[in-house]
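Read the structure below first, then the notes.
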Amino acid sequence: MTDPAPSLSPGALLRLPQVARLLFSALVGRLPNGMVPLALVLFARDTGSGYGRAGLLTAAYSLGCCLGGPALSRVMDLRGQRPALVLGGVVSSLALAVLPWVPSGGALVVALVAGLATPPLEPALRTLWPSVLSPRQVPSAFALDAAAQELIFVLGPLAVLLAQVAGDGGGLVAAGVVGLLGTVWFVASRASGAWVPPVHEDRHWLGPLRSRRLCVLFSAVMLVGLTVGVPAVALVAYTESIGDRGLAPWLVAANALGALVGGVAYSPRAPHRDPRRDLLLGLGVLVVTYAALAVVPSSPWVMGVLTVGSGLGLPPVLTCVFQLVDRLAPPGTTTEAFAWLISAFLVGSSIGAAAAGSLSDARRIGGAFLVAAAASLAALAIARTVVGRGAPALRGA
């Protein structure tokens, strides 16, 4: 029999109506996610503050994102995308733009507001894929989305370094401008404007969190976030241990490159794979590749190869998780469910970075990567309970 949905390469997928517009506008609007953390550190240091102050500002912004994303996403599930995204984009961008001129006492509050109002373009995009693509094409879009988001964490820091030429706080102002432009570009799309939230009378105050399976899945995602949060700190410590800190950005980029390659390779295969099985396989790849990093080879070339390998398993894991969330979210709560997914990942990533920092200070870099591998192993054990016997069927399964 002929496959009703032949495999689409990433290029072919991007040529479908609205796909490229939605993906790239969302990436531009989300670029501040890769800019703000570095911009806050540079701003704090350039104005004479210590790393402790920089950490507090970053923590305030991240906390705001974790709390504000689900709240704005719930508004989208009730009222549509444009009002929440435009309001969030304007408030967040203004907060970032004025932050360099806010007295030190109010900077934490402004950073928190910038995070709270950050427009949830990521869940908005994933909610739209089923409305512009056939059910068999959605997994490919999820995989390409998971791969493309790595560009945020490669291009974001570069944009900050360029913007800092304008002076202290230039990176924050640039993040505000870029984020607003991307948000406007996204909401002006036909797909975003035409999307109508489903009407359901049985809404619950817990929203998607009333789904037990979904909450269990979020706990696994938090552990995956913990895994991914380790390299940003541990790789810097590794480069310092071999006496060449300048290699740190390259090794971090190597991890992102691995994820980009993994996502592009998985995208055309996703519709023909069982996402329940691939979720477990992908988590297994994370366990093995992060355990390999714990060897901490003295050769930076070997470390680079291992770092590329550690990124390969992430996009398939995220692609399968996106499909699970889309299937498990109670009717009318899909956008908010994707937002809680992001919050769980961010919380885990922050924990992973903190753990890696403590272990790296104790010169236990290998131990940091072992913690990352152990977190993925725990995520694998939890995920088995979600996708095991009795789990609902998924698209593409």
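Lettering and numbering for the structure tokens are positional, with chains as A, B, ... in the shown order, residues counted from 1 in each chain, and ligands counted from 1 in the shown order.
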Can you write out as CSV which residues of range 250-350 of chain A fall within 12 Å of range 133-157 of chain A, alongside each residue's closest atom pair and its distance in Å to one decimal, counting only C-alpha atoms and ordering rows by chain and ascending residue number?
```
residue,atom,partner,partner_atom,distance
A:Trp250,CA,A:Val154,CA,9.9
A:Leu251,CA,A:Val154,CA,11.3
A:Val252,CA,A:Val154,CA,8.7
A:Ala253,CA,A:Val154,CA,6.4
A:Ala254,CA,A:Val154,CA,9.8
A:Asn255,CA,A:Glu150,CA,9.2
A:Ala256,CA,A:Glu150,CA,5.5
A:Leu257,CA,A:Glu150,CA,7.6
A:Gly258,CA,A:Ala147,CA,9.2
A:Ala259,CA,A:Ala147,CA,6.0
A:Leu260,CA,A:Ala147,CA,4.5
A:Val261,CA,A:Ala147,CA,7.3
A:Gly262,CA,A:Ala147,CA,7.1
A:Gly263,CA,A:Ala147,CA,4.4
A:Val264,CA,A:Leu144,CA,6.0
A:Ala265,CA,A:Ala143,CA,8.8
A:Tyr266,CA,A:Ala143,CA,6.5
A:Ser267,CA,A:Ser140,CA,4.4
A:Pro268,CA,A:Ser140,CA,5.7
A:Arg269,CA,A:Ser140,CA,7.3
A:Ala270,CA,A:Pro139,CA,5.4
A:Pro271,CA,A:Pro139,CA,5.5
A:His272,CA,A:Arg136,CA,8.4
A:Arg273,CA,A:Pro139,CA,9.3
A:Asp274,CA,A:Pro139,CA,10.5
A:Pro275,CA,A:Pro139,CA,8.9
A:Gly311,CA,A:Glu150,CA,10.0
A:Leu312,CA,A:Ala147,CA,9.7
A:Gly313,CA,A:Ala147,CA,10.8
A:Leu314,CA,A:Ala146,CA,8.3
A:Pro315,CA,A:Ala146,CA,5.3
A:Pro316,CA,A:Ala143,CA,6.7
A:Val317,CA,A:Ala143,CA,9.2
A:Leu318,CA,A:Ala146,CA,6.5
A:Thr319,CA,A:Ala143,CA,5.0
A:Cys320,CA,A:Pro139,CA,7.9
A:Val321,CA,A:Phe142,CA,9.4
A:Phe322,CA,A:Phe142,CA,6.8
A:Gln323,CA,A:Pro139,CA,7.0
A:Leu324,CA,A:Pro139,CA,10.7
A:Val325,CA,A:Phe142,CA,11.6
A:Asp326,CA,A:Val138,CA,10.4
A:Arg327,CA,A:Pro135,CA,11.7
```
Fewer than 2 positions away in the same chain doesn't count, so skip those; otherwise give me all residues within 6 Å of range 92-95 of chain A, counting only C-alpha atoms, as a list in words.
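Within the cut-off, the hits are Gly88, Gly89, Val90, Ala97, Val98, Leu99, Val110, Ala114, Ala117, Thr118 and Gly176 of chain A.
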As number ranges by chain, which residues of range 51-176 of chain A does DSSP assign to alpha helix (DSSP H)?
A: 51-79, 81-98, 104-116, 121-132, 138-148, 150-163, 170-176
Please produce an output containing C-alpha atoms for each residue in the selection, written as a CSV table (one decimal), in the first residue's frame.
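Result went into part_23.csv, see below:
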```csv
chain,number,residue,atom,x,y,z
A,51,TYR,CA,28.2,37.4,40.0
A,52,GLY,CA,25.8,37.1,42.9
A,53,ARG,CA,23.8,40.0,41.7
A,54,ALA,CA,23.8,38.7,38.2
A,55,GLY,CA,22.6,35.4,39.4
A,56,LEU,CA,19.7,37.0,41.3
A,57,LEU,CA,18.6,39.0,38.2
A,58,THR,CA,18.7,35.9,36.1
A,59,ALA,CA,16.8,33.9,38.7
A,60,ALA,CA,14.1,36.6,38.9
A,61,TYR,CA,13.7,36.6,35.1
A,62,SER,CA,13.6,32.8,35.0
A,63,LEU,CA,11.1,32.6,37.8
A,64,GLY,CA,8.9,35.0,36.0
A,65,CYS,CA,9.0,32.9,32.8
A,66,CYS,CA,8.1,29.8,34.7
A,67,LEU,CA,5.0,31.5,36.3
A,68,GLY,CA,3.9,33.8,33.6
A,69,GLY,CA,4.0,31.3,30.7
A,70,PRO,CA,1.2,29.1,32.0
A,71,ALA,CA,-0.9,32.1,33.0
A,72,LEU,CA,-0.7,33.8,29.6
A,73,SER,CA,-1.2,30.4,27.9
A,74,ARG,CA,-4.4,29.9,29.9
A,75,VAL,CA,-5.6,33.2,28.6
A,76,MET,CA,-4.9,32.1,25.0
A,77,ASP,CA,-6.8,28.9,25.6
A,78,LEU,CA,-9.8,31.1,26.6
A,79,ARG,CA,-9.5,34.2,24.4
A,81,GLN,CA,-3.6,34.0,20.8
A,82,ARG,CA,-3.3,37.6,19.7
A,83,PRO,CA,-4.4,39.6,22.8
A,84,ALA,CA,-2.2,37.7,25.2
A,85,LEU,CA,0.9,37.6,22.9
A,86,VAL,CA,0.7,41.3,22.0
A,87,LEU,CA,0.2,42.4,25.6
A,88,GLY,CA,3.0,40.1,26.8
A,89,GLY,CA,5.3,41.2,24.1
A,90,VAL,CA,4.9,44.9,24.7
A,91,VAL,CA,5.2,44.7,28.5
A,92,SER,CA,8.2,42.3,28.5
A,93,SER,CA,10.0,44.2,25.8
A,94,LEU,CA,9.5,47.5,27.6
A,95,ALA,CA,10.7,46.0,30.9
A,96,LEU,CA,13.9,44.7,29.3
A,97,ALA,CA,14.5,48.0,27.5
A,98,VAL,CA,14.2,50.1,30.6
A,104,SER,CA,19.4,48.8,41.6
A,105,GLY,CA,16.6,48.4,44.2
A,106,GLY,CA,13.9,48.0,41.5
A,107,ALA,CA,16.0,46.0,39.0
A,108,LEU,CA,14.9,42.6,40.4
A,109,VAL,CA,11.2,43.6,40.2
A,110,VAL,CA,11.6,44.7,36.6
A,111,ALA,CA,13.5,41.5,35.7
A,112,LEU,CA,10.6,39.5,37.3
A,113,VAL,CA,8.0,41.5,35.3
A,114,ALA,CA,10.0,40.9,32.0
A,115,GLY,CA,9.9,37.2,32.7
A,116,LEU,CA,6.2,37.1,33.8
A,121,LEU,CA,5.3,31.8,21.6
A,122,GLU,CA,6.7,28.2,22.1
A,123,PRO,CA,3.3,26.7,23.3
A,124,ALA,CA,1.4,29.0,20.9
A,125,LEU,CA,3.4,27.5,18.0
A,126,ARG,CA,2.9,23.9,19.1
A,127,THR,CA,-0.8,24.5,19.5
A,128,LEU,CA,-1.0,25.7,15.9
A,129,TRP,CA,0.8,22.8,14.2
A,130,PRO,CA,-2.3,20.6,14.1
A,131,SER,CA,-4.3,23.4,12.6
A,132,VAL,CA,-2.0,23.9,9.6
A,138,VAL,CA,2.6,17.1,12.9
A,139,PRO,CA,5.4,14.8,14.4
A,140,SER,CA,7.8,16.1,11.7
A,141,ALA,CA,7.0,19.7,12.6
A,142,PHE,CA,7.5,18.9,16.3
A,143,ALA,CA,10.9,17.4,15.5
A,144,LEU,CA,12.0,20.3,13.3
A,145,ASP,CA,10.8,22.7,16.0
A,146,ALA,CA,12.8,20.9,18.6
A,147,ALA,CA,15.9,21.1,16.4
A,148,ALA,CA,15.5,24.7,15.3
A,150,GLU,CA,18.9,25.2,19.3
A,151,LEU,CA,19.6,28.2,17.0
A,152,ILE,CA,18.2,30.4,19.8
A,153,PHE,CA,21.0,29.4,22.1
A,154,VAL,CA,23.6,29.8,19.4
A,155,LEU,CA,22.5,33.1,17.9
A,156,GLY,CA,21.2,34.7,21.1
A,157,PRO,CA,24.6,35.1,22.8
A,158,LEU,CA,26.2,36.3,19.5
A,159,ALA,CA,23.5,39.0,19.2
A,160,VAL,CA,24.2,40.1,22.8
A,161,LEU,CA,27.9,40.4,22.1
A,162,LEU,CA,27.2,42.6,19.1
A,163,ALA,CA,24.6,44.7,20.9
A,170,GLY,CA,22.8,47.1,25.0
A,171,GLY,CA,22.1,43.4,25.0
A,172,LEU,CA,18.9,43.9,27.1
A,173,VAL,CA,17.6,46.7,24.8
A,174,ALA,CA,18.3,44.5,21.8
A,175,ALA,CA,16.5,41.6,23.4
A,176,GLY,CA,13.4,43.8,23.9
```
Work out how far apart CA of Val305 in chain A and CA of Asn33 in chain A are and give it in Å to one decimal.
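Between CA of Val305 in chain A and CA of Asn33 in chain A the gap is 26.4 Å.
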Excluding Trp185 in chain A and any residue of its chain fewer than 6 positions from it, enumerate the residues within 10 Å of it, using only C-alpha atoms, and give them as a PDB file with N, CA and C atoms, in the first residue's frame.
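Output file selection35.pdb follows:
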```pdb
ATOM      1  N   ARG A  21       6.837  30.566   7.922  1.00  0.00           N
ATOM      2  CA  ARG A  21       6.456  31.828   8.576  1.00  0.00           C
ATOM      3  C   ARG A  21       6.285  31.623  10.077  1.00  0.00           C
ATOM      4  N   LEU A  22       5.555  30.594  10.455  1.00  0.00           N
ATOM      5  CA  LEU A  22       5.308  30.345  11.874  1.00  0.00           C
ATOM      6  C   LEU A  22       6.595  29.979  12.611  1.00  0.00           C
ATOM      7  N   PHE A  24       9.878  30.516  11.837  1.00  0.00           N
ATOM      8  CA  PHE A  24      10.914  31.540  11.936  1.00  0.00           C
ATOM      9  C   PHE A  24      10.466  32.753  12.742  1.00  0.00           C
ATOM     10  N   SER A  25       9.201  33.123  12.643  1.00  0.00           N
ATOM     11  CA  SER A  25       8.734  34.250  13.463  1.00  0.00           C
ATOM     12  C   SER A  25       8.766  33.879  14.934  1.00  0.00           C
ATOM     13  N   ALA A  26       8.411  32.627  15.252  1.00  0.00           N
ATOM     14  CA  ALA A  26       8.480  32.192  16.646  1.00  0.00           C
ATOM     15  C   ALA A  26       9.920  32.159  17.138  1.00  0.00           C
ATOM     16  N   VAL A  28      12.413  34.080  16.109  1.00  0.00           N
ATOM     17  CA  VAL A  28      12.841  35.465  16.334  1.00  0.00           C
ATOM     18  C   VAL A  28      12.232  35.998  17.630  1.00  0.00           C
ATOM     19  N   GLY A  29      10.940  35.739  17.835  1.00  0.00           N
ATOM     20  CA  GLY A  29      10.289  36.209  19.052  1.00  0.00           C
ATOM     21  C   GLY A  29      10.832  35.565  20.304  1.00  0.00           C
ATOM     22  N   GLY A 179      12.543  40.683  20.469  1.00  0.00           N
ATOM     23  CA  GLY A 179      11.405  39.915  20.949  1.00  0.00           C
ATOM     24  C   GLY A 179      10.078  40.494  20.489  1.00  0.00           C
TER      25      GLY A 179
END
```
Give one line per residue of range 305-364 of chain A that approaches range 217-239 of chain A to at most 10 Å, naming the two atoms of the closest pair and their distance in Å to one decimal, counting only C-alpha atoms; sort by chain then ascending residue number and deliver it as a Markdown table.
```
| residue | atom | partner | partner_atom | distance |
| --- | --- | --- | --- | --- |
| A:Thr307 | CA | A:Pro231 | CA | 8.7 |
| A:Ser310 | CA | A:Val228 | CA | 9.2 |
| A:Gly311 | CA | A:Val228 | CA | 8.8 |
| A:Leu314 | CA | A:Val224 | CA | 8.6 |
| A:Val317 | CA | A:Val224 | CA | 9.0 |
| A:Leu318 | CA | A:Val221 | CA | 8.7 |
| A:Val321 | CA | A:Leu217 | CA | 8.0 |
| A:Leu324 | CA | A:Leu217 | CA | 8.5 |
| A:Val325 | CA | A:Leu217 | CA | 8.3 |
| A:Leu328 | CA | A:Leu217 | CA | 9.7 |
| A:Ala337 | CA | A:Phe218 | CA | 9.5 |
| A:Phe338 | CA | A:Phe218 | CA | 10.0 |
| A:Trp340 | CA | A:Phe218 | CA | 7.6 |
| A:Leu341 | CA | A:Phe218 | CA | 6.0 |
| A:Ile342 | CA | A:Val221 | CA | 8.7 |
| A:Ser343 | CA | A:Met222 | CA | 8.4 |
| A:Ala344 | CA | A:Met222 | CA | 4.8 |
| A:Phe345 | CA | A:Gly225 | CA | 4.5 |
| A:Leu346 | CA | A:Gly225 | CA | 6.4 |
| A:Val347 | CA | A:Met222 | CA | 6.5 |
| A:Gly348 | CA | A:Leu226 | CA | 4.1 |
| A:Ser349 | CA | A:Gly229 | CA | 4.0 |
| A:Ser350 | CA | A:Gly229 | CA | 6.3 |
| A:Ile351 | CA | A:Leu226 | CA | 5.9 |
| A:Gly352 | CA | A:Leu226 | CA | 4.2 |
| A:Ala353 | CA | A:Gly229 | CA | 4.9 |
| A:Ala354 | CA | A:Val230 | CA | 8.1 |
| A:Ala355 | CA | A:Val230 | CA | 7.4 |
| A:Ala356 | CA | A:Val230 | CA | 5.3 |
| A:Gly357 | CA | A:Val233 | CA | 6.1 |
| A:Ser358 | CA | A:Val233 | CA | 9.8 |
| A:Leu359 | CA | A:Ala234 | CA | 8.5 |
| A:Ser360 | CA | A:Ala237 | CA | 6.1 |
| A:Asp361 | CA | A:Ala237 | CA | 8.2 |
| A:Arg363 | CA | A:Ala237 | CA | 8.3 |
| A:Arg364 | CA | A:Ala234 | CA | 9.2 |
```
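Atom pair CA of Ala248 in chain A / CA of Val288 in chain A: separated by 22.2 Å.
Distances from A:Ala20, A:Ala39, A:Leu8, A:Ala291 to Val371 in chain A were compared using only C-alpha atoms, and the smallest one belongs to A:Ala291.
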If I take CA of Asp168 in chain A and CA of Pro32 in chain A, how far is one from the other in Å, to one decimal?
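Taking CA of Asp168 in chain A as the start and CA of Pro32 in chain A as the end point, the length is 16.9 Å.
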